[in-house]
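So this block is work12.cif, mmCIF, C-alpha atoms (C1' of nucleotides):
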```cif
data_data
loop_
_atom_site.label_atom_id
_atom_site.label_comp_id
_atom_site.auth_asym_id
_atom_site.auth_seq_id
_atom_site.Cartn_x
_atom_site.Cartn_y
_atom_site.Cartn_z
CA MET A 11 0.00 0.00 0.00
CA LEU A 12 1.28 3.40 -0.97
CA HIS A 13 2.08 5.58 1.97
CA MET A 14 1.48 8.85 0.21
CA LEU A 15 -2.24 9.41 0.74
CA LYS A 16 -2.46 6.90 3.56
CA LEU A 17 -4.11 7.91 6.82
CA SER A 18 -2.27 7.03 10.02
CA LYS A 19 -4.10 4.99 12.63
CA LYS A 20 -4.14 8.04 14.87
CA ALA A 21 -5.83 10.05 12.14
CA GLU A 22 -8.42 7.32 11.68
CA TYR A 23 -9.07 7.18 15.40
CA ALA A 24 -9.47 10.95 15.51
CA LEU A 25 -11.97 10.98 12.65
CA ILE A 26 -13.94 8.12 14.15
CA SER A 27 -14.07 9.85 17.52
CA LEU A 28 -15.09 13.23 16.18
CA GLN A 29 -17.78 11.61 14.06
CA HIS A 30 -18.94 9.64 17.07
CA ILE A 31 -19.11 12.61 19.42
CA ALA A 32 -20.96 14.65 16.79
CA SER A 33 -23.55 11.89 16.47
CA LEU A 34 -24.44 12.07 20.16
CA ASP A 35 -27.38 14.27 21.05
CA ASP A 36 -26.15 13.86 24.58
CA GLN A 37 -25.11 16.75 26.80
CA ALA A 38 -22.68 14.52 28.68
CA PRO A 39 -19.13 14.40 27.36
CA ALA A 40 -17.92 11.17 25.76
CA SER A 41 -15.01 9.48 27.52
CA ALA A 42 -12.05 8.05 25.68
CA ARG A 43 -12.73 4.67 27.24
CA GLU A 44 -16.29 4.45 25.98
CA ILE A 45 -15.27 5.47 22.46
CA ALA A 46 -12.37 3.03 22.53
CA GLU A 47 -14.65 0.18 23.56
CA HIS A 48 -17.29 1.03 21.00
CA TYR A 49 -14.83 1.03 18.10
CA ASN A 50 -12.30 -1.47 19.39
CA ILE A 51 -9.48 1.05 19.65
CA PRO A 52 -6.56 0.64 22.11
CA PRO A 53 -7.68 2.89 25.01
CA ASP A 54 -4.25 4.37 25.77
CA ILE A 55 -3.75 5.41 22.19
CA LEU A 56 -7.15 6.96 21.97
CA GLY A 57 -6.35 8.92 25.11
CA LYS A 58 -3.34 10.43 23.40
CA VAL A 59 -5.30 11.17 20.27
CA MET A 60 -8.01 12.97 22.23
CA GLN A 61 -5.39 14.89 24.14
CA ALA A 62 -3.88 16.03 20.86
CA LEU A 63 -7.29 17.14 19.65
CA THR A 64 -7.73 19.02 22.90
CA ARG A 65 -4.41 20.83 22.51
CA ALA A 66 -5.44 21.74 18.97
CA GLU A 67 -8.66 23.21 20.39
CA ILE A 68 -10.78 20.91 18.29
CA VAL A 69 -12.44 19.36 21.32
CA GLU A 70 -12.72 20.47 24.91
CA SER A 71 -11.91 18.10 27.72
CA ILE A 72 -13.75 17.74 31.01
CA GLN A 73 -11.57 16.20 33.67
CA GLY A 74 -12.47 13.92 36.52
CA ALA A 75 -15.17 11.31 36.90
CA LYS A 76 -18.03 11.84 34.42
CA GLY A 77 -15.49 13.73 32.38
CA GLY A 78 -14.69 13.26 28.73
CA TYR A 79 -14.63 15.22 25.51
CA ARG A 80 -17.01 17.54 23.70
CA LEU A 81 -16.66 19.20 20.32
CA ARG A 82 -15.70 22.86 20.42
CA ARG A 83 -17.23 23.48 17.01
CA SER A 84 -19.54 21.72 14.62
CA LEU A 85 -18.12 19.35 12.01
CA ALA A 86 -18.91 22.03 9.43
CA ASP A 87 -16.30 24.23 11.07
CA MET A 88 -13.60 21.58 11.26
CA VAL A 89 -11.40 20.76 8.33
CA LEU A 90 -9.57 17.54 7.63
CA GLY A 91 -6.19 19.28 7.58
CA GLU A 92 -6.35 20.54 11.13
CA VAL A 93 -7.28 17.11 12.42
CA LEU A 94 -4.37 15.53 10.56
CA GLU A 95 -1.94 18.14 11.83
CA ALA A 96 -3.27 17.83 15.36
CA VAL A 97 -2.49 14.13 15.58
CA ASP A 98 0.40 13.67 13.14
CA GLY A 99 2.10 17.04 12.86
CA PRO A 100 2.60 19.33 9.88
CA VAL A 101 1.52 18.15 6.45
CA HIS A 102 4.37 17.97 3.96
CA VAL A 103 4.73 16.18 0.67
CA ALA A 104 8.51 16.21 0.98
CA PRO A 105 10.97 17.53 3.56
CA CYS A 106 11.98 20.36 1.24
CA THR A 107 8.54 21.94 1.47
CA GLY A 108 9.09 22.58 5.16
CA ASP A 109 11.17 25.23 6.84
CA HIS A 110 14.22 23.40 8.08
CA TYR A 111 15.05 20.82 5.54
CA SER A 112 18.00 19.00 4.22
CA CYS A 113 17.96 16.53 1.41
CA ASP A 114 20.74 14.83 -0.52
CA GLN A 115 19.20 15.93 -3.80
CA GLU A 116 18.91 19.55 -2.78
CA LEU A 117 21.71 20.94 -4.92
CA ALA A 118 20.76 19.41 -8.24
CA CYS A 119 17.07 18.77 -7.59
CA ASN A 120 14.96 19.16 -10.70
CA ILE A 121 11.56 18.65 -9.09
CA LYS A 122 11.59 21.00 -6.14
CA GLN A 123 9.16 23.57 -7.53
CA PRO A 124 6.70 21.00 -8.90
CA ILE A 125 6.77 19.24 -5.55
CA SER A 126 6.07 22.52 -3.81
CA ARG A 127 3.05 23.07 -6.02
CA LEU A 128 1.81 19.58 -5.39
CA GLN A 129 2.23 20.28 -1.70
CA ALA A 130 0.27 23.53 -1.97
CA HIS A 131 -2.51 21.85 -3.87
CA LEU A 132 -2.93 18.98 -1.48
CA GLN A 133 -2.64 21.25 1.51
CA ASN A 134 -5.35 23.44 0.04
CA PHE A 135 -7.46 20.34 -0.39
CA VAL A 136 -7.22 19.02 3.15
CA PHE A 137 -7.66 22.47 4.63
CA SER A 138 -10.73 23.16 2.51
CA LEU A 139 -12.52 19.93 3.20
CA SER A 140 -14.77 20.10 6.26
CA LEU A 141 -15.57 16.98 8.23
CA GLU A 142 -19.23 17.68 7.60
CA THR A 143 -18.70 17.57 3.86
CA LEU A 144 -16.63 14.46 4.23
CA ALA A 145 -19.26 12.79 6.40
CA GLN A 146 -22.00 13.49 3.89
CA CYS A 147 -20.26 11.10 1.55
CA LYS A 148 -21.57 8.28 3.64
CA ASP A 149 -24.77 7.42 1.82
CA GLY A 150 -22.94 6.64 -1.39
CA ARG A 151 -24.92 9.01 -3.58
CA PHE A 152 -22.61 11.94 -2.97
CA HIS A 153 -19.15 12.51 -4.29
CA LEU A 154 -16.48 15.04 -3.67
CA LYS A 155 -16.60 17.43 -6.56
CA VAL A 156 -13.58 16.91 -8.68
CA PRO A 157 -12.29 19.71 -10.83
CA THR A 158 -13.04 18.82 -14.42
CA LEU A 159 -11.58 21.79 -16.15
CA SER A 160 -10.21 20.39 -19.36
CA GLU A 161 -11.88 18.14 -21.87
CA ASP A 162 -9.87 15.09 -20.96
CA ASN A 163 -10.99 15.36 -17.36
CA GLY A 164 -7.44 15.98 -16.17
CA TYR A 165 -5.98 18.59 -13.93
CA VAL A 166 -4.75 21.66 -15.70
CA LEU A 167 -2.65 24.68 -14.98
CA PHE A 168 -3.80 28.24 -14.95
CA GLU A 169 -1.67 31.28 -15.10
CA GLU A 170 -1.45 33.53 -12.13
CA GLU A 171 -2.91 37.00 -12.60
CA GLU A 172 -0.55 39.76 -11.66
CA MET B 1 5.91 15.36 9.23
CA LEU B 2 2.61 13.87 8.27
CA HIS B 3 2.92 10.72 6.27
CA MET B 4 -0.36 11.05 4.46
CA LEU B 5 0.56 13.07 1.39
CA LYS B 6 4.26 12.38 1.80
CA LEU B 7 6.22 11.08 -1.16
CA SER B 8 8.51 8.14 -0.56
CA LYS B 9 12.17 8.47 -1.47
CA LYS B 10 11.62 5.98 -4.25
CA ALA B 11 8.84 8.13 -5.66
CA GLU B 12 11.08 11.19 -5.52
CA TYR B 13 13.87 9.33 -7.26
CA ALA B 14 11.47 8.17 -9.96
CA LEU B 15 10.17 11.67 -10.62
CA ILE B 16 13.68 13.12 -10.69
CA SER B 17 14.83 10.44 -13.12
CA LEU B 18 11.88 10.76 -15.47
CA GLN B 19 12.25 14.52 -15.50
CA HIS B 20 15.96 14.13 -16.15
CA ILE B 21 15.57 11.69 -19.01
CA ALA B 22 12.89 13.86 -20.58
CA SER B 23 15.24 16.83 -20.48
CA LEU B 24 17.87 15.04 -22.56
CA ASP B 25 17.75 15.67 -26.28
CA ASP B 26 20.11 12.74 -26.48
CA GLN B 27 19.38 9.60 -28.42
CA ALA B 28 21.54 7.54 -26.08
CA PRO B 29 19.76 6.00 -23.10
CA ALA B 30 20.55 7.36 -19.64
CA SER B 31 22.15 4.88 -17.26
CA ALA B 32 21.08 4.52 -13.65
CA ARG B 33 24.63 5.23 -12.55
CA GLU B 34 24.88 8.54 -14.34
CA ILE B 35 21.51 9.71 -13.00
CA ALA B 36 22.45 8.56 -9.52
CA GLU B 37 25.70 10.50 -9.65
CA HIS B 38 24.07 13.61 -11.01
CA TYR B 39 21.44 13.77 -8.27
CA ASN B 40 23.36 12.15 -5.45
CA ILE B 41 21.06 9.13 -5.23
CA PRO B 42 22.25 5.74 -3.91
CA PRO B 43 22.97 3.83 -7.15
CA ASP B 44 21.57 0.48 -6.03
CA ILE B 45 18.28 2.03 -5.03
CA LEU B 46 17.99 3.92 -8.25
CA GLY B 47 18.57 0.69 -10.12
CA LYS B 48 15.56 -0.84 -8.40
CA VAL B 49 13.47 2.22 -9.05
CA MET B 50 14.30 2.19 -12.74
CA GLN B 51 13.60 -1.51 -12.89
CA ALA B 52 10.18 -0.89 -11.36
CA LEU B 53 9.50 1.81 -13.94
CA THR B 54 10.55 -0.65 -16.63
CA ARG B 55 8.15 -3.32 -15.37
CA ALA B 56 5.40 -0.70 -15.34
CA GLU B 57 6.23 0.07 -18.97
CA ILE B 58 6.91 3.68 -18.20
CA VAL B 59 10.49 3.46 -19.46
CA GLU B 60 12.25 0.96 -21.69
CA SER B 61 15.56 -0.52 -20.68
CA ILE B 62 18.52 -1.20 -22.92
CA GLN B 63 20.80 -3.83 -21.47
CA GLY B 64 24.53 -4.19 -21.69
CA ALA B 65 27.32 -1.64 -21.95
CA LYS B 66 26.05 1.69 -23.33
CA GLY B 67 22.68 0.57 -22.06
CA GLY B 68 20.30 2.51 -19.87
CA TYR B 69 16.76 3.80 -19.89
CA ARG B 70 14.56 5.74 -22.27
CA LEU B 71 11.03 7.05 -21.84
CA ARG B 72 8.36 5.00 -23.56
CA ARG B 73 6.01 7.96 -23.71
CA SER B 74 6.20 11.70 -23.28
CA LEU B 75 5.65 13.24 -19.85
CA ALA B 76 2.27 14.44 -21.10
CA ASP B 77 1.20 10.81 -21.34
CA MET B 78 2.42 9.80 -17.91
CA VAL B 79 0.39 10.45 -14.80
CA LEU B 80 1.65 10.81 -11.26
CA GLY B 81 -0.47 7.92 -10.05
CA GLU B 82 1.13 5.31 -12.27
CA VAL B 83 4.59 6.38 -11.21
CA LEU B 84 3.63 6.14 -7.54
CA GLU B 85 2.07 2.73 -8.05
CA ALA B 86 5.04 1.51 -10.04
CA VAL B 87 7.52 2.18 -7.25
CA ASP B 88 5.40 1.92 -4.09
CA GLY B 89 2.48 -0.31 -4.94
CA PRO B 90 -1.25 0.41 -4.96
CA VAL B 91 -2.50 3.75 -3.67
CA HIS B 92 -4.85 3.44 -0.71
CA VAL B 93 -5.96 5.92 1.91
CA ALA B 94 -6.78 3.13 4.34
CA PRO B 95 -6.59 -0.66 4.24
CA CYS B 96 -10.37 -0.92 3.96
CA THR B 97 -10.34 0.72 0.55
CA GLY B 98 -8.42 -2.24 -0.83
CA ASP B 99 -9.69 -5.67 -1.76
CA HIS B 100 -8.42 -7.88 1.02
CA TYR B 101 -8.59 -5.90 4.17
CA SER B 102 -9.02 -6.42 7.82
CA CYS B 103 -9.22 -3.72 10.40
CA ASP B 104 -10.11 -3.77 14.07
CA GLN B 105 -12.68 -1.04 13.54
CA GLU B 106 -14.38 -2.81 10.69
CA LEU B 107 -17.54 -3.86 12.51
CA ALA B 108 -18.49 -0.54 14.04
CA CYS B 109 -16.63 1.79 11.72
CA ASN B 110 -18.43 5.08 11.18
CA ILE B 111 -16.08 6.55 8.62
CA LYS B 112 -15.71 3.80 6.06
CA GLN B 113 -17.76 5.43 3.30
CA PRO B 114 -16.30 8.89 3.76
CA ILE B 115 -12.82 7.37 3.67
CA SER B 116 -13.69 5.56 0.47
CA ARG B 117 -14.78 8.80 -1.12
CA LEU B 118 -11.63 10.53 0.01
CA GLN B 119 -9.72 7.66 -1.50
CA ALA B 120 -11.59 7.99 -4.78
CA HIS B 121 -11.01 11.69 -4.91
CA LEU B 122 -7.30 11.53 -4.26
CA GLN B 123 -6.90 8.60 -6.60
CA ASN B 124 -8.68 10.59 -9.29
CA PHE B 125 -6.30 13.43 -8.61
CA VAL B 126 -3.05 11.51 -8.91
CA PHE B 127 -4.28 9.61 -11.96
CA SER B 128 -5.38 12.81 -13.69
CA LEU B 129 -2.22 14.77 -13.13
CA SER B 130 0.33 14.30 -15.89
CA LEU B 131 4.01 14.75 -15.21
CA GLU B 132 4.08 17.40 -17.88
CA THR B 133 1.47 19.45 -16.08
CA LEU B 134 3.30 18.91 -12.84
CA ALA B 135 6.60 19.95 -14.37
CA GLN B 136 5.14 23.16 -15.75
CA CYS B 137 4.69 24.30 -12.19
CA LYS B 138 8.39 24.91 -12.08
CA ASP B 139 8.57 28.57 -13.02
CA GLY B 140 6.46 29.61 -10.09
CA ARG B 141 3.85 31.46 -12.11
CA PHE B 142 1.67 28.44 -12.62
CA HIS B 143 -0.55 26.69 -10.14
CA LEU B 144 -2.53 23.55 -10.14
CA LYS B 145 -6.11 24.55 -10.65
CA VAL B 146 -8.02 24.02 -7.47
CA PRO B 147 -11.73 23.47 -7.55
CA THR B 148 -13.33 26.58 -6.12
CA LEU B 149 -16.92 25.65 -6.40
CA SER B 150 -18.50 27.24 -3.38
CA GLU B 151 -18.21 30.78 -2.18
CA ASP B 152 -16.02 29.94 0.75
CA ASN B 153 -13.48 28.34 -1.53
CA GLY B 154 -14.06 24.94 0.03
CA TYR B 155 -14.73 21.56 -1.47
CA VAL B 156 -18.36 20.73 -1.93
CA LEU B 157 -20.49 17.73 -2.67
CA PHE B 158 -22.57 17.21 -5.71
CA GLU B 159 -25.37 14.76 -6.14
CA GLU B 160 -24.95 11.90 -8.51
CA GLU B 161 -27.25 11.95 -11.50
CA GLU B 162 -29.15 8.73 -11.94
"C1'" DG C 9 -11.74 8.60 50.07
"C1'" DG C 10 -12.46 5.75 46.24
"C1'" DA C 11 -13.85 5.32 41.49
"C1'" DT C 12 -13.35 7.29 37.13
"C1'" DA C 13 -11.67 10.56 34.27
"C1'" DT C 14 -7.87 13.40 31.61
"C1'" DA C 15 -2.55 14.58 31.04
"C1'" DG C 16 1.46 13.14 29.71
"C1'" DG C 17 6.33 11.19 29.94
"C1'" DA C 18 9.09 7.07 29.10
"C1'" DC C 19 9.45 3.07 27.07
"C1'" DT C 20 8.93 -1.18 23.89
"C1'" DA C 21 7.40 -3.57 19.85
"C1'" DA C 22 6.18 -3.95 15.22
"C1'" DA C 23 6.09 -2.47 10.64
"C1'" DA C 24 7.71 0.00 6.80
"C1'" DA C 25 11.10 2.42 4.30
"C1'" DA C 26 15.72 2.95 2.90
"C1'" DG C 27 19.84 1.19 1.76
"C1'" DT C 28 23.49 -2.70 0.92
"C1'" DC C 29 25.44 -6.86 -1.03
"C1'" DG C 30 26.13 -10.39 -4.20
"C1'" DC C 31 25.57 -12.57 -8.39
"C1'" DA C 32 23.53 -13.58 -12.98
"C1'" DT C 33 22.82 -11.87 -17.57
"C1'" DT C 34 23.33 -8.81 -21.59
"C1'" DT C 35 25.95 -6.05 -24.77
"C1'" DC C 36 29.59 -3.12 -26.51
"C1'" DG C 37 34.21 -2.61 -28.05
"C1'" DG C 38 38.88 -3.79 -28.50
"C1'" DC D 12 37.01 -13.96 -26.95
"C1'" DC D 13 37.39 -11.12 -22.99
"C1'" DG D 14 36.64 -7.46 -19.94
"C1'" DA D 15 34.09 -3.40 -18.80
"C1'" DA D 16 29.74 -1.55 -18.12
"C1'" DA D 17 25.21 -1.99 -17.95
"C1'" DT D 18 20.38 -4.07 -16.35
"C1'" DG D 19 17.76 -7.68 -13.30
"C1'" DC D 20 16.82 -9.28 -9.12
"C1'" DG D 21 16.78 -11.89 -4.68
"C1'" DA D 22 18.38 -11.74 0.11
"C1'" DC D 23 19.70 -9.16 3.59
"C1'" DT D 24 20.61 -5.26 7.12
"C1'" DT D 25 19.86 -0.84 8.95
"C1'" DT D 26 17.20 2.99 10.04
"C1'" DT D 27 13.09 5.42 10.74
"C1'" DT D 28 8.40 5.69 11.72
"C1'" DT D 29 4.29 4.09 13.58
"C1'" DA D 30 1.78 1.73 16.92
"C1'" DG D 31 1.09 0.33 21.28
"C1'" DT D 32 2.18 -0.26 26.49
"C1'" DC D 33 3.20 1.17 31.15
"C1'" DC D 34 3.28 4.13 34.84
"C1'" DT D 35 2.26 8.09 37.54
"C1'" DA D 36 0.14 12.58 38.48
"C1'" DT D 37 -3.91 15.30 38.76
"C1'" DA D 38 -8.86 16.53 38.61
"C1'" DT D 39 -13.75 15.66 39.70
"C1'" DC D 40 -17.83 13.30 41.09
"C1'" DC D 41 -20.38 10.88 44.60
#
```
Spit out the file's structure as structure tokens when you get a sec.
Amino acid sequence: MLHMLKLSKKAEYALISLQHIASLDDQAPASAREIAEHYNIPPDILGKVMQALTRAEIVESIQGAKGGYRLRRSLADMVLGEVLEAVDGPVHVAPCTGDHYSCDQELACNIKQPISRLQAHLQNFVFSLSLETLAQCKDGRFHLKVPTLSEDNGYVLFEEEE
Amino acid sequence: MLHMLKLSKKAEYALISLQHIASLDDQAPASAREIAEHYNIPPDILGKVMQALTRAEIVESIQGAKGGYRLRRSLADMVLGEVLEAVDGPVHVAPCTGDHYSCDQELACNIKQPISRLQAHLQNFVFSLSLETLAQCKDGRFHLKVPTLSEDNGYVLFEEEE
DNA sequence: GGATATAGGACTAAAAAAGTCGCATTTCGG
DNA sequence: CCGAAATGCGACTTTTTTAGTCCTATATCC
């Protein structure tokens, strides 16, 4: 399986949990343990994932007995990118698209700029896609709109206006 | 660095090599050794990468002394997805989007369909993007066209026609 | 005060990616 | 024909990353 485009387990757990919490009409917060049991997720790991989501201000945590997690915003106001960054760190296609990079190909590299554009495109994608939109895919009749801008249905370039 | 969206070294090497070969006006094939030296890539690894590209019928190999590799098609007729698959195997967002999967969350999973759609979208992307289009990003004035279909510049859903 | 939570550091285990080695085969050129 | 230079490829090791475990501290409810 190709690792580019692959979700980490932590990312999966985060998406499952957020979806789960959103589906509760409950006022009571959902505990990591109850989510972990429901979806057969290792409880310790899920704890860490929820803590990461808390630090990223995606959920709020209530400590102590009867504690747990609540969403801080609706799924419509959460984008895939922030969830991925919260649990796995910054999103980069290649090290050279980050700030402090070093790469053996750096000097002669002939693909740096294209890679940067790819990075920008994918970053734009994950930071534009709300979890609500993503969740609506579930009934199978909806698709993510794909840009079909040229006749052959491929991606195209456009020139920047100056 | 987030691994979703991250290119493997092998994928980078493949893209560098294809770009390099395409830039030669030479009739003579380019050897793995000379590419490896030019871009500071471990020669053994590059050999494997080129062999994978050969098996995928993206390049043709010429054996023996003065041998090497030539493109079988122009960059315009090569898409990112086939290069990624050639060197890293099938592209999947999560195991459950493949044929033979097993996952501990399978029974209760609440994100399977959304993940499948995400998979389909990204797969469509990488299999629509030609290396030529990607390469044209290099002068910094061109961008990959991003679908801006709703006012807030986000991705949207559309309903399937039946 | 005890049960049940979150918070989080330190650690181990497992899996995947990256790189190395060795050898067979092909072909060019002297 | 022989040697140099190339691809082809299996087996292996190393390194890095991901995944998971363990332990302890702290907060809150009853």
Can you check which parts of chain C lie within 8 Å of chain A? Per residue, the shortest pair of atoms and distance in Å to one decimal, counting all atoms listed in the file, sorted by chain and number, as CSV.
```
residue,atom,partner,partner_atom,distance
C:DA11,C1',A:Ala75,CA,7.7
C:DT12,C1',A:Ala75,CA,4.4
C:DA13,C1',A:Gly74,CA,4.1
C:DT14,C1',A:Gln73,CA,5.1
C:DA15,C1',A:Gln61,CA,7.5
```
Might you spell out which residues the PyMOL selection byres ((chain D) within 10 of (chain B)) would select in the displayed file, as a compact mmCIF listing (two decimals) with C-alpha atoms (C1' of nucleotides), in the coordinates of the input?
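Wrote it out as out-v9.txt, contents follow:
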```
# COMPACT_ATOMS: atom_id res chain seq x y z
C1' DA D 15 34.09 -3.40 -18.80
C1' DA D 16 29.74 -1.55 -18.12
C1' DA D 17 25.21 -1.99 -17.95
C1' DT D 18 20.38 -4.07 -16.35
C1' DG D 19 17.76 -7.68 -13.30
C1' DC D 20 16.82 -9.28 -9.12
C1' DT D 28 8.40 5.69 11.72
C1' DT D 29 4.29 4.09 13.58
```
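Proximity to Arg117 of chain B was assessed for B:Leu24, B:His92, B:Leu134, B:Asp104 counting all atoms listed in the file; the smallest distance is recorded for B:His92.
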Output the residue selection produced by the PyMOL selection byres ((chain A and resi 14) around 12) on the file above, formatted as a PyMOL selection string.
(chain A and resi 11-13+15-18+101-104+129+132) or (chain B and resi 1-12+80-81+84-85+87-94+119+122-123+126)
Between atom CA of Met88 of chain A and atom CA of Pro124 of chain A, measure the distance and give it in Å to one decimal.
28.6 Å
How many Å lie between atom C1' of DT26 of chain D and atom C1' of DA25 of chain C, rounded to one decimal?
8.4 Å
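Closest approach to Ile115 of chain B among A:Ser112, A:Ser33, A:Thr143, A:Ser138 is made by A:Thr143 (distances from all atoms listed in the file).
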Residues in the PyMOL selection byres ((chain D and resi 25) around 10), expressed as a PyMOL selection string:
(chain C and resi 26-28) or (chain D and resi 23-24+26-27)
Quick one: pull the distance between atom CA of Gln105 of chain B and atom CA of Glu67 of chain A, Å, one decimal.
25.5 Å
Restricting the calculation to only C-alpha atoms: of B:Gln113, B:Arg73, B:Glu37, B:Leu18, which residue gets closest to chain A?
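Closest candidate: B:Gln113.
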Could you list, as number ranges by chain, every residue within 12 Å of DC13 of chain D, counting all atoms listed in the file and ignoring same-chain residues fewer than 2 positions away?
C: 36-38; D: 15
Could you name the residues that touch DG16 of chain C at 12 Å or less, counting only C-alpha atoms (C1' of nucleotides), but leaving out those on the same chain fewer than 6 positions away, as a PyMOL selection string?
(chain A and resi 54-55+57-59+61-62) or (chain D and resi 34-37)
Could you please fill out segment 13-31 of chain B with N, CA and C atoms and send it back as a compact mmCIF listing (two decimals), keeping the file's coordinate frame?
```
# COMPACT_ATOMS: atom_id res chain seq x y z
N TYR B 13 12.82 9.74 -6.32
CA TYR B 13 13.87 9.33 -7.26
C TYR B 13 13.28 9.07 -8.64
N ALA B 14 12.11 8.46 -8.68
CA ALA B 14 11.47 8.17 -9.96
C ALA B 14 11.13 9.46 -10.70
N LEU B 15 10.57 10.41 -9.98
CA LEU B 15 10.17 11.67 -10.62
C LEU B 15 11.40 12.44 -11.11
N ILE B 16 12.44 12.44 -10.30
CA ILE B 16 13.68 13.12 -10.69
C ILE B 16 14.23 12.47 -11.96
N SER B 17 14.25 11.15 -11.98
CA SER B 17 14.83 10.44 -13.12
C SER B 17 14.02 10.66 -14.39
N LEU B 18 12.71 10.58 -14.28
CA LEU B 18 11.88 10.76 -15.47
C LEU B 18 12.04 12.18 -16.01
N GLN B 19 12.04 13.13 -15.11
CA GLN B 19 12.25 14.52 -15.50
C GLN B 19 13.60 14.68 -16.18
N HIS B 20 14.60 14.02 -15.60
CA HIS B 20 15.96 14.13 -16.15
C HIS B 20 16.03 13.54 -17.56
N ILE B 21 15.51 12.34 -17.70
CA ILE B 21 15.57 11.69 -19.01
C ILE B 21 14.83 12.52 -20.05
N ALA B 22 13.69 13.06 -19.64
CA ALA B 22 12.89 13.86 -20.58
C ALA B 22 13.66 15.11 -21.01
N SER B 23 14.53 15.58 -20.16
CA SER B 23 15.24 16.83 -20.48
C SER B 23 16.42 16.60 -21.42
N LEU B 24 16.76 15.33 -21.66
CA LEU B 24 17.87 15.04 -22.56
C LEU B 24 17.38 15.07 -24.00
N ASP B 25 18.11 15.75 -24.86
CA ASP B 25 17.75 15.67 -26.28
C ASP B 25 18.51 14.52 -26.93
N ASP B 26 19.25 13.86 -26.08
CA ASP B 26 20.11 12.74 -26.48
C ASP B 26 19.33 11.56 -27.06
N GLN B 27 19.95 10.85 -27.96
CA GLN B 27 19.38 9.60 -28.42
C GLN B 27 19.81 8.46 -27.50
N ALA B 28 21.01 8.60 -26.93
CA ALA B 28 21.54 7.54 -26.08
C ALA B 28 20.72 7.42 -24.80
N PRO B 29 20.50 6.18 -24.34
CA PRO B 29 19.76 6.00 -23.10
C PRO B 29 20.58 6.50 -21.90
N ALA B 30 19.88 6.91 -20.86
CA ALA B 30 20.55 7.36 -19.64
C ALA B 30 20.71 6.19 -18.69
N SER B 31 21.92 5.99 -18.19
CA SER B 31 22.15 4.88 -17.26
C SER B 31 21.78 5.28 -15.84
```
